[in-house]
Protein chains: 6
Amino acid sequence: MALTSFIEEPKFDVYRERFAEHFILEREDGILVARMHTGGDVAVWGLELHRALGQLFKTVAADPENEVLILTGTGDYWLRDIDSESFNAVEKDESTFRREGYFQWYRDGMKLQENIIWDVDIPTISAINGPGFHSEFALLHDITICTDDTRLVEPHYHVGLAPGDALYLVLQELIGYKRANYAMYTAQNITAEQALEWGLVNEVVAREDLVDRARSLAEMIIRTQPNPIVRRLTSRIVKRRWRRLLTDDFEMHFGHEMWGTMVHRQDHGEMDTRAALNEG
Amino acid sequence: MALTSFIEEPKFDVYRERFAEHFILEREDGILVARMHTGGDVAVWGLELHRALGQLFKTVAADPENEVLILTGTGDYWLRDIDSESFNAVEKDESTFRREGYFQWYRDGMKLQENIIWDVDIPTISAINGPGFHSEFALLHDITICTDDTRLVEPHYHVGLAPGDALYLVLQELIGYKRANYAMYTAQNITAEQALEWGLVNEVVAREDLVDRARSLAEMIIRTQPNPIVRRLTSRIVKRRWRRLLTDDFEMHFGHEMWGTMVHRQDHGEMDTRAALNEG
Amino acid sequence: MALTSFIEEPKFDVYRERFAEHFILEREDGILVARMHTGGDVAVWGLELHRALGQLFKTVAADPENEVLILTGTGDYWLRDIDSESFNAVEKDESTFRREGYFQWYRDGMKLQENIIWDVDIPTISAINGPGFHSEFALLHDITICTDDTRLVEPHYHVGLAPGDALYLVLQELIGYKRANYAMYTAQNITAEQALEWGLVNEVVAREDLVDRARSLAEMIIRTQPNPIVRRLTSRIVKRRWRRLLTDDFEMHFGHEMWGTMVHRQDHGEMDTRAALNEG
Amino acid sequence: MALTSFIEEPKFDVYRERFAEHFILEREDGILVARMHTGGDVAVWGLELHRALGQLFKTVAADPENEVLILTGTGDYWLRDIDSESFNAVEKDESTFRREGYFQWYRDGMKLQENIIWDVDIPTISAINGPGFHSEFALLHDITICTDDTRLVEPHYHVGLAPGDALYLVLQELIGYKRANYAMYTAQNITAEQALEWGLVNEVVAREDLVDRARSLAEMIIRTQPNPIVRRLTSRIVKRRWRRLLTDDFEMHFGHEMWGTMVHRQDHGEMDTRAALNEG
Amino acid sequence: MALTSFIEEPKFDVYRERFAEHFILEREDGILVARMHTGGDVAVWGLELHRALGQLFKTVAADPENEVLILTGTGDYWLRDIDSESFNAVEKDESTFRREGYFQWYRDGMKLQENIIWDVDIPTISAINGPGFHSEFALLHDITICTDDTRLVEPHYHVGLAPGDALYLVLQELIGYKRANYAMYTAQNITAEQALEWGLVNEVVAREDLVDRARSLAEMIIRTQPNPIVRRLTSRIVKRRWRRLLTDDFEMHFGHEMWGTMVHRQDHGEMDTRAALNEG
Amino acid sequence: MALTSFIEEPKFDVYRERFAEHFILEREDGILVARMHTGGDVAVWGLELHRALGQLFKTVAADPENEVLILTGTGDYWLRDIDSESFNAVEKDESTFRREGYFQWYRDGMKLQENIIWDVDIPTISAINGPGFHSEFALLHDITICTDDTRLVEPHYHVGLAPGDALYLVLQELIGYKRANYAMYTAQNITAEQALEWGLVNEVVAREDLVDRARSLAEMIIRTQPNPIVRRLTSRIVKRRWRRLLTDDFEMHFGHEMWGTMVHRQDHGEMDTRAALNEG
């Protein structure tokens with residue numbers, strides 16, 4: 001017998017409860033579907049969800065019983081609104097912001113993107129269920145499908161921030177520098193049709209079929225390659241270039257965005273994300 | 001009081017005059033429009049303009065009162081002809097060419113591309129006013145719009161040169177290796193329509209509306225992000241990957257082109273750039 | 001007179017014979033056409049051809065009388081079937097596989113891709129003559145044309161392998177991560193039309209015109225740039241980014257694929273490549 | 001009030017207990033000292049400790065009350081022996097090894113190194129308390145001090161493994177390629193004196209003073225830079241190049257080592273690590 | 001005659017005057033000696049000199065009559081004191097600091113390092129005339145010699161800043177990560193002897209011989225390689241890896257330092273640089 | 001039976017004869033000792049040997065019966081003299097030089113370095129038998145030992161060339177930028193003692209013991225790791241960073257050197273390599 005024991009990681013039943021406030025988790029035959037929500041309805045963007053996403057990816061990755069991850073949202077939007085009170089807790093005064101900006105924006109924001117790419121070593125599918133901002137962690141999934149009314153927007157510049165939290169970087173890679181620059185400077189709403197044409201998403205499907213289609217892709221991925229280790233080796237190959245790109249550029253981007261928040265204080269409570277989604 | 005004083009950089013009124021032979025410079029509300037010309041008409045490509053572009057970018061960058069740069073040309077062409085006499089001064093004899101090839105082709109050519117990417121830290125828009133060669137410094141602007149009759153050509157290979165001065169490198173990045181290779185080997189005239197479809201330009205507009213549209217984009221860029229420092233941080237993020245790409249590959253490309261000019265002396269006076277533009 | 005003599009490399013007449021079992025080689029005016037075949041008919045994929053391709057590229061590269069390389073196949077398919085017996089010789093028992101997997105899969109597979117990019121320093125054109133797998137060494141040619149019935153498939157994942165032998169890596173670069181992921185996970189048959197739209201091939205032509213069109217491109221390439229050294233310098237510039245990409249990522253990819261073959265032994269004799277080509 | 005709550009990470013008192021089997025954790029004024037042990041004595045290397053290190057680094061990183069991390073060992077050796085039974089559980093049969101080799105060697109081994117560099121964002125000091133193998137996670141700390149009888153050895157090659165688990169890579173960077181190659185091929189015992197001369201460690205101190213000296217460095221680090229955010233920004237700058245190096249090369253190294261374990265099965269129970277430490 | 005004329009760059013006699021407040025410039029046989037000073041005595045570090053250095057490098061580079069650059073200081077110190085009033089002008093209030101921090105710290109600081117590496121294309125020699133901070137632009141010269149009482153210190157961490165302005169990055173490369181980390185966290189005074197042993201400087205000479213020795217090296221460099229173009233090509237090869245390193249990492253470092261200045265406002269007037277030089 | 005046969009590579013007995021004019025090849029127990037010579041005496045550097053080295057490395061790599069490569073020279077010098085007539089054949093007239101400079105300098109020179117790093121996948125040991133130039137292909141071996149009278153010199157700059165053929169690049173990596181710069185600009189004779197101290201060589205031994213010591217290292221390398229595939233995987237890990245470094249920088253270096261040869265024609269017949277070795 002070994003001299004010592006392993007420090008075990010949480011099992012599904014435990015972490016399903018732990019994450020319940022932010023995600024509805026279901027798992028069947030190794031396919032884990034994680035659905036973001038806030039109070040059971042469309043997810044509202046707050047620092048709690050921002051952190052929970054990175055925590056979720058890390059937790060999912062540590063459980064070898066997960067074989068494919070599907071991430072989706074609730075209702076008609078990926079993300080439409082901001083939880084002003086959530087951000088106010090950090091932005092309320094200068095001294096809190098100086099400290100918590102590091103922990104809650106930068107550190108949590110780094111782990112949000114890094115964990116889906118460095119830790120999660122299984123095939124991943126995002127199913128974007130409608131218009132929204134902060135789509136970069138969806139786009140960092142191996143395969144992305146979306147509803148036909150989906151619109152993706154990079155709103156940082158228009159709400160007072162330098163675009164350093166990875167969405168712009170992901171767009172640069174996936175649709176090319178010029179399109180990404182234009183989308184970012186103009187807060188362009190990229191439609192599902194454009195996203196498909198530009199290679200940003202893989203399929204456009206009706207909302208009612210979205211999760212079923214994602215599941216059916218996941219089943220095919222498991223069926224055609226039954227060995228779980230080969231699936232993981234494949235996943236590592238798939239995410240290799242993202243690791244190189246994020247390592248080379250992400251912290252330069254994010255450091256400059258953070259510096260910018262100190263130069264030009266913005267107030268998330270005042271940000272009009274609906275206007276950025278042309279829904280003002 | 002500080003012990004010493006700053007060595008000041010030139011002000012707008014001074015450098016507007018300094019560059020007048022090559023550019024019409026106008027500035028309003030921080031938007032600097034630089035229009036290339038030769039004798040008031042379509043710009044003719046000579047070593048003087050080649051150097052002046054790099055000098056202009058450096059000068060524009062050093063003046064904190066510039067907030068957006070718009071670069072455009074005069075008349076119906078971006079660049080159509082070569083100033084043979086200009087090149088003859090360098091190519092006239094072997095010994096002059098060996099020395100001045102380094103200074104006037106390589107060094108000025110490096111700074112031409114580097115200064116727009118390393119020094120200019122504000123949003124940049126190029127407005128390509130018609131068919132032309134040497135479009136890489138236009139394509140290195142953050143956003144590019146062009147007229148509907150624009151055709152872009154990479155003519156190096158067809159006029160006797162290895163394609164190392166950055167245009168081919170920029171095309172590789174923006175339209176992919178295979179398209180760039182084909183365009184380069186065949187001196188393909190890429191039309192405005194193709195350029196738009198391939199993500200090389202952002203908008204195609206009628207010539208008479210070109211500069212107005214560029215200005216209107218510039219105004220939007222300033223209006224939506226009023227803080228000049230956040231605009232600069234954004235600009236640095238935008239140009240980050242160009243810095244990496246140019247550092248990694250540009251001097252390999254350019255060094256090999258220069259070596260090639262010594263192996264196979266070409267004569268700019270003999271180059272038929274109109275033929276390359278299918279206008280022979 | 002020099003103190004010693006050169007160790008000469010083989011001449012065309014010699015290596016034409018040496019490679020005859022795998023390639024029909026013809027050379028006219030410096031344009032070398034290499035046509036893969038097996039017994040005069042559609043090439044069948046075996047370890048012998050796998051090695052011969054790398055050997056061919058190295059040999060072609062060492063002969064300064066070659067000026068453009070055209071690679072094509074025989075009949076209606078690029079590659080449709082696997083020579084089971086060829087793979088069985090390596091896969092027959094565990095101990096042989098452990099040793100020969102290194103030499104015949106990994107080492108030969110590395111040189112296959114490396115030699116076309118590092119050694120061949122002339123313009124290269126691939127003419128894909130129909131549907132097939134293992135198209136990455138075709139896609140690594142500078143220019144690629146294909147027949148209108150061509151379909152390209154990345155079948156590794158579906159036949160039990162992690163996709164590490166460069167095809168997936170080449171697709172990532174040429175059609176973007178998301179499209180490449182989807183094509184790989186689903187063994188998508190990319191049609192000639194899609195390949196053209198996505199910038200994977202440069203021209204789609206009828207099968208009967210395929211090699212003539214390739215030759216005509218090759219002649220144009222020689223005619224417009226008559227200096228053989230400038231052509232070679234151009235070729236080196238063209239292949240520069242492939243060298244960087246392959247160096248950075250290829251051996252990570254391939255090492256993981258090889259590890260995977262030890263974890264999940266697959267049997268090439270059992271692989272249904274026709275099914276992957278939707279021709280089961 | 002925010003709409004949702006944070007998913008909290010464990011507090012010190014909780015994780016001190018959780019890790020007690022592998023580490024004695026003490027914290028004073030933000031300085032966390034983690035001492036590896038097995039049953040209270042010299043740490044014995046098993047897969048449980050291998051995983052626990054990565055888990056520890058991640059946990060330490062998630063607690064903002066940690067300000068400096070000191071890692072050390074127990075007794076007269078850093079690591080001297082292997083827990084054969086621990087490895088046997090994975091190596092007992094081919095099928096277990098194929099699966100668990102991925103999870104327990106590769107995945108845990110990646111996170112071991114990545115978590116100290118990507119997640120831990122505070123200054124780190126390792127205090128190597130005597131001779132040992134597997135010193136790479138010590139050397140990845142910002143500062144390293146060691147006892148005067150310390151000897152560091154890279155034993156992989158001599159016990160039947162390709163040296164891909166990061167120790168050789170770390171040595172390549174810290175002492176140069178040639179010295180690292182020689183040390184690896186010959187299983188050289190690098191002495192404390194050599195380590196100091198070659199820039200591998202920063203100070204050599206007597207064993208009885210080791211932890212006190214580490215503490216005193218940690219106190220100085222906190223005292224001279226009282227702002228916890230500036231300390232974290234500094235830490236991120238410090239670890240930047242490790243992130244680039246590990247991203248570029250580590251998974252190529254490790255994938256090849258793993259492949260090698262399938263080609264040439266070794267048996268940890270048979271490995272004579274004392275011989276590698278010249279203590280056979 | 002060419003259609004247009006060159007926009008000329010300033011000649012030596014002009015820029016010698018322009019820079020006189022910060023540098024004594026002398027040129028003989030193409031060897032330009034630039035001696036930093038403040039009021040004729042030991043240079044005092046202010047934002048004016050900080051900017052002037054980058055301006056000087058750019059100006060020197062643009063004059064093809066310069067063949068070797070020697071940079072040195074005045075008196076017994078490289079840099080010992082800070083011009084508090086100079087920094088106060090930027091740090092006096094929050095709003096000035098937010099704006100001018102970008103322009104005077106970050107932008108000028110980037111150009112300071114970039115111009116010596118990207119623009120100056122001739123051999124460069126620094127002659128460090130005594131103890132000092134901010135030695136990175138000296139160390140970025142091709143060859144460095146110093147006096148026997150020289151001590152080099154990286155004081156950022158100890159005066160309240162994250163070490164992102166290139167000195168720490170240069171040390172990481174030249175003396176290795178571990179030594180650089182230790183030197184930075186402890187504000188170690190690296191002596192001339194250590195600097196020589198660690199490959200940080202090339203020769204240690206008596207102060208009275210310092211500039212003569214630098215001149216004699218410069219003369220040798222010109223004499224042995226009389227062709228000015230080959231000298232410039234050599235210089236470009238020499239500085240290649242600095243360009244790659246600075247591009248990859250410098251702006252990440254500096255962005256994080258700048259962010260840190262907003263989190264933890266420091267006051268240059270309060271900084272005790274003499275204490276950092278152990279001369280308090 | 002497989003449908004086709006392998007195109008076989010030459011066996012030892014055949015290539016021993018083929019290379020006899022340039023190398024004495026002996027093989028025992030898989031250890032191949034290759035001894036450079038010219039007419040049985042100290043090797044004289046000519047273009048024939050320059051090419052033969054690359055050819056040798058490629059040939060050795062293709063024969064799976066080679067397990068360790070030892071490279072050494074004949075007599076008291078590694079390389080002392082140049083075969084003027086050999087170089088004259090290329091340099092005799094401008095037009096020959098323009099063409100053959102590409103083939104015989106650049107292409108052969110690239111393959112010389114690339115083949116030892118990309119193709120040779122077994123452990124390699126160089127045994128430098130005395131003073132000499134062109135030591136980079138020795139230093140690119142995994143382990144290097146040398147005689148106590150060895151002196152290594154980088155003479156390019158002093159004989160009229162930009163230092164782009166890899167020796168300077170190898171020195172930059174192995175002894176650091178500053179030492180490499182100084183050695184290059186001053187044609188420093190690095191002694192065996194310095195080489196050992198700076199980590200450039202691994203052991204210094206008496207000339208009469210040199211090859212025996214290399215053999216004994218080779219035997220140890222085979223004995224301690226009996227599996228030939230694990231040795232090859234180890235070799236690939238060992239050479240990984242050289243592949244990255246050479247890919248990133250070597251062709252930039254070499255292209256600039258070649259351009260320089262066209263700017264400033266040098267005459268190998270006139271080069272005084274003995275003077276560079278302080279033996280004039």
# chains A, B, ... in the order shown; residues from 1 in each chain; ligands from 1
$ residues_around --residues "Trp105 in chain F" --least-positions-apart "5" --cutoff "9 Å" --atoms "only C-alpha atoms" --output "ChimeraX atom specification"
/F:47,50-51,100,110,258
$ write_last_selection --atoms "N, CA and C atoms" --output "JSON list (two decimals), in the first residue's frame"
[["chain", "number", "residue", "atom", "x", "y", "z"],
["F", 47, "LEU", "N", 35.14, 24.52, -49.43],
["F", 47, "LEU", "CA", 33.70, 24.37, -49.65],
["F", 47, "LEU", "C", 33.30, 22.91, -49.76],
["F", 50, "HIS", "N", 32.87, 21.77, -46.20],
["F", 50, "HIS", "CA", 31.69, 22.51, -45.76],
["F", 50, "HIS", "C", 30.41, 21.79, -46.17],
["F", 51, "ARG", "N", 30.36, 21.35, -47.41],
["F", 51, "ARG", "CA", 29.19, 20.62, -47.86],
["F", 51, "ARG", "C", 29.17, 19.20, -47.28],
["F", 100, "GLU", "N", 26.78, 30.94, -57.11],
["F", 100, "GLU", "CA", 27.30, 29.90, -56.23],
["F", 100, "GLU", "C", 27.36, 30.35, -54.77],
["F", 110, "MET", "N", 23.44, 26.46, -44.37],
["F", 110, "MET", "CA", 22.21, 26.20, -43.61],
["F", 110, "MET", "C", 22.10, 24.72, -43.27],
["F", 258, "MET", "N", 25.19, 37.20, -46.08],
["F", 258, "MET", "CA", 25.32, 37.02, -47.53],
["F", 258, "MET", "C", 25.19, 38.34, -48.26]]
$ interface_residues --of "chain A" --to "chain D" --cutoff "9 Å" --atoms "only C-alpha atoms" --output "PyMOL selection string"
chain A and resi 1-7+18-19+21-22+38-39+44+46-49+51-52+55+64+83-89+98-99+102-103+107+111+119+228-229+232-233+240+243-244+247-248
$ closest_residue --among "F:Leu161, F:Leu217, F:Ala61, F:Val120" --to "Tyr182 in chain D" --atoms "only C-alpha atoms"
F:Leu217
$ select_by_dssp --residues "range 126-277 of chain F" --states "strand (DSSP E)" --output "list in words"
Ser126, Ala127, Ile128, Ile143, Thr144, Ile145, Cys146, Thr147, Arg151, Leu152, Ile190, Thr191, Glu203, Val204 and Val205 of chain F
$ select_by_dssp --residues "range 91-249 of chain F" --states "helix (DSSP H, G or I)" --output "NGL selection string"
:F and (91 or 94-119 or 136-139 or 157-159 or 167-175 or 177-186 or 192-197 or 207-224 or 228-249)
$ atom_distance --atom1 "CA of Glu154 in chain B" --atom2 "CA of Glu257 in chain B"
13.9 Å
$ closest_residue --among "C:Gln113, C:Thr273, C:Gln188, C:Thr150" --to "Lys239 in chain C" --atoms "only C-alpha atoms"
C:Gln113
$ closest_residue --among "D:Trp198, D:Tyr77, D:Leu25, D:Thr147" --to "Glu279 in chain D" --atoms "only C-alpha atoms"
D:Tyr77
$ residues_around --residues "Glu26 in chain D" --least-positions-apart "3" --cutoff "10 Å" --atoms "only C-alpha atoms" --output "PDB file with C-alpha atoms, in the first residue's frame"
ATOM      1  CA  PHE D  12      -6.053  28.638   5.844  1.00  0.00           C
ATOM      2  CA  ASP D  13      -7.337  26.633   8.793  1.00  0.00           C
ATOM      3  CA  ARG D  16      -3.833  23.323   6.602  1.00  0.00           C
ATOM      4  CA  PHE D  23       2.838  19.331   4.257  1.00  0.00           C
ATOM      5  CA  GLY D  30       1.452  36.459   5.576  1.00  0.00           C
ATOM      6  CA  ILE D  31       4.546  34.275   5.236  1.00  0.00           C
ATOM      7  CA  LEU D  32       3.448  30.734   4.540  1.00  0.00           C
ATOM      8  CA  VAL D  33       6.038  28.029   5.193  1.00  0.00           C
ATOM      9  CA  ALA D  34       5.151  24.688   3.593  1.00  0.00           C
ATOM     10  CA  ARG D  35       7.318  21.774   4.658  1.00  0.00           C
ATOM     11  CA  ILE D  70       8.442  29.340   1.406  1.00  0.00           C
TER      12      ILE D  70
END
$ atom_distance --atom1 "CA of Asp267 in chain E" --atom2 "CA of Glu91 in chain E"
7.1 Å
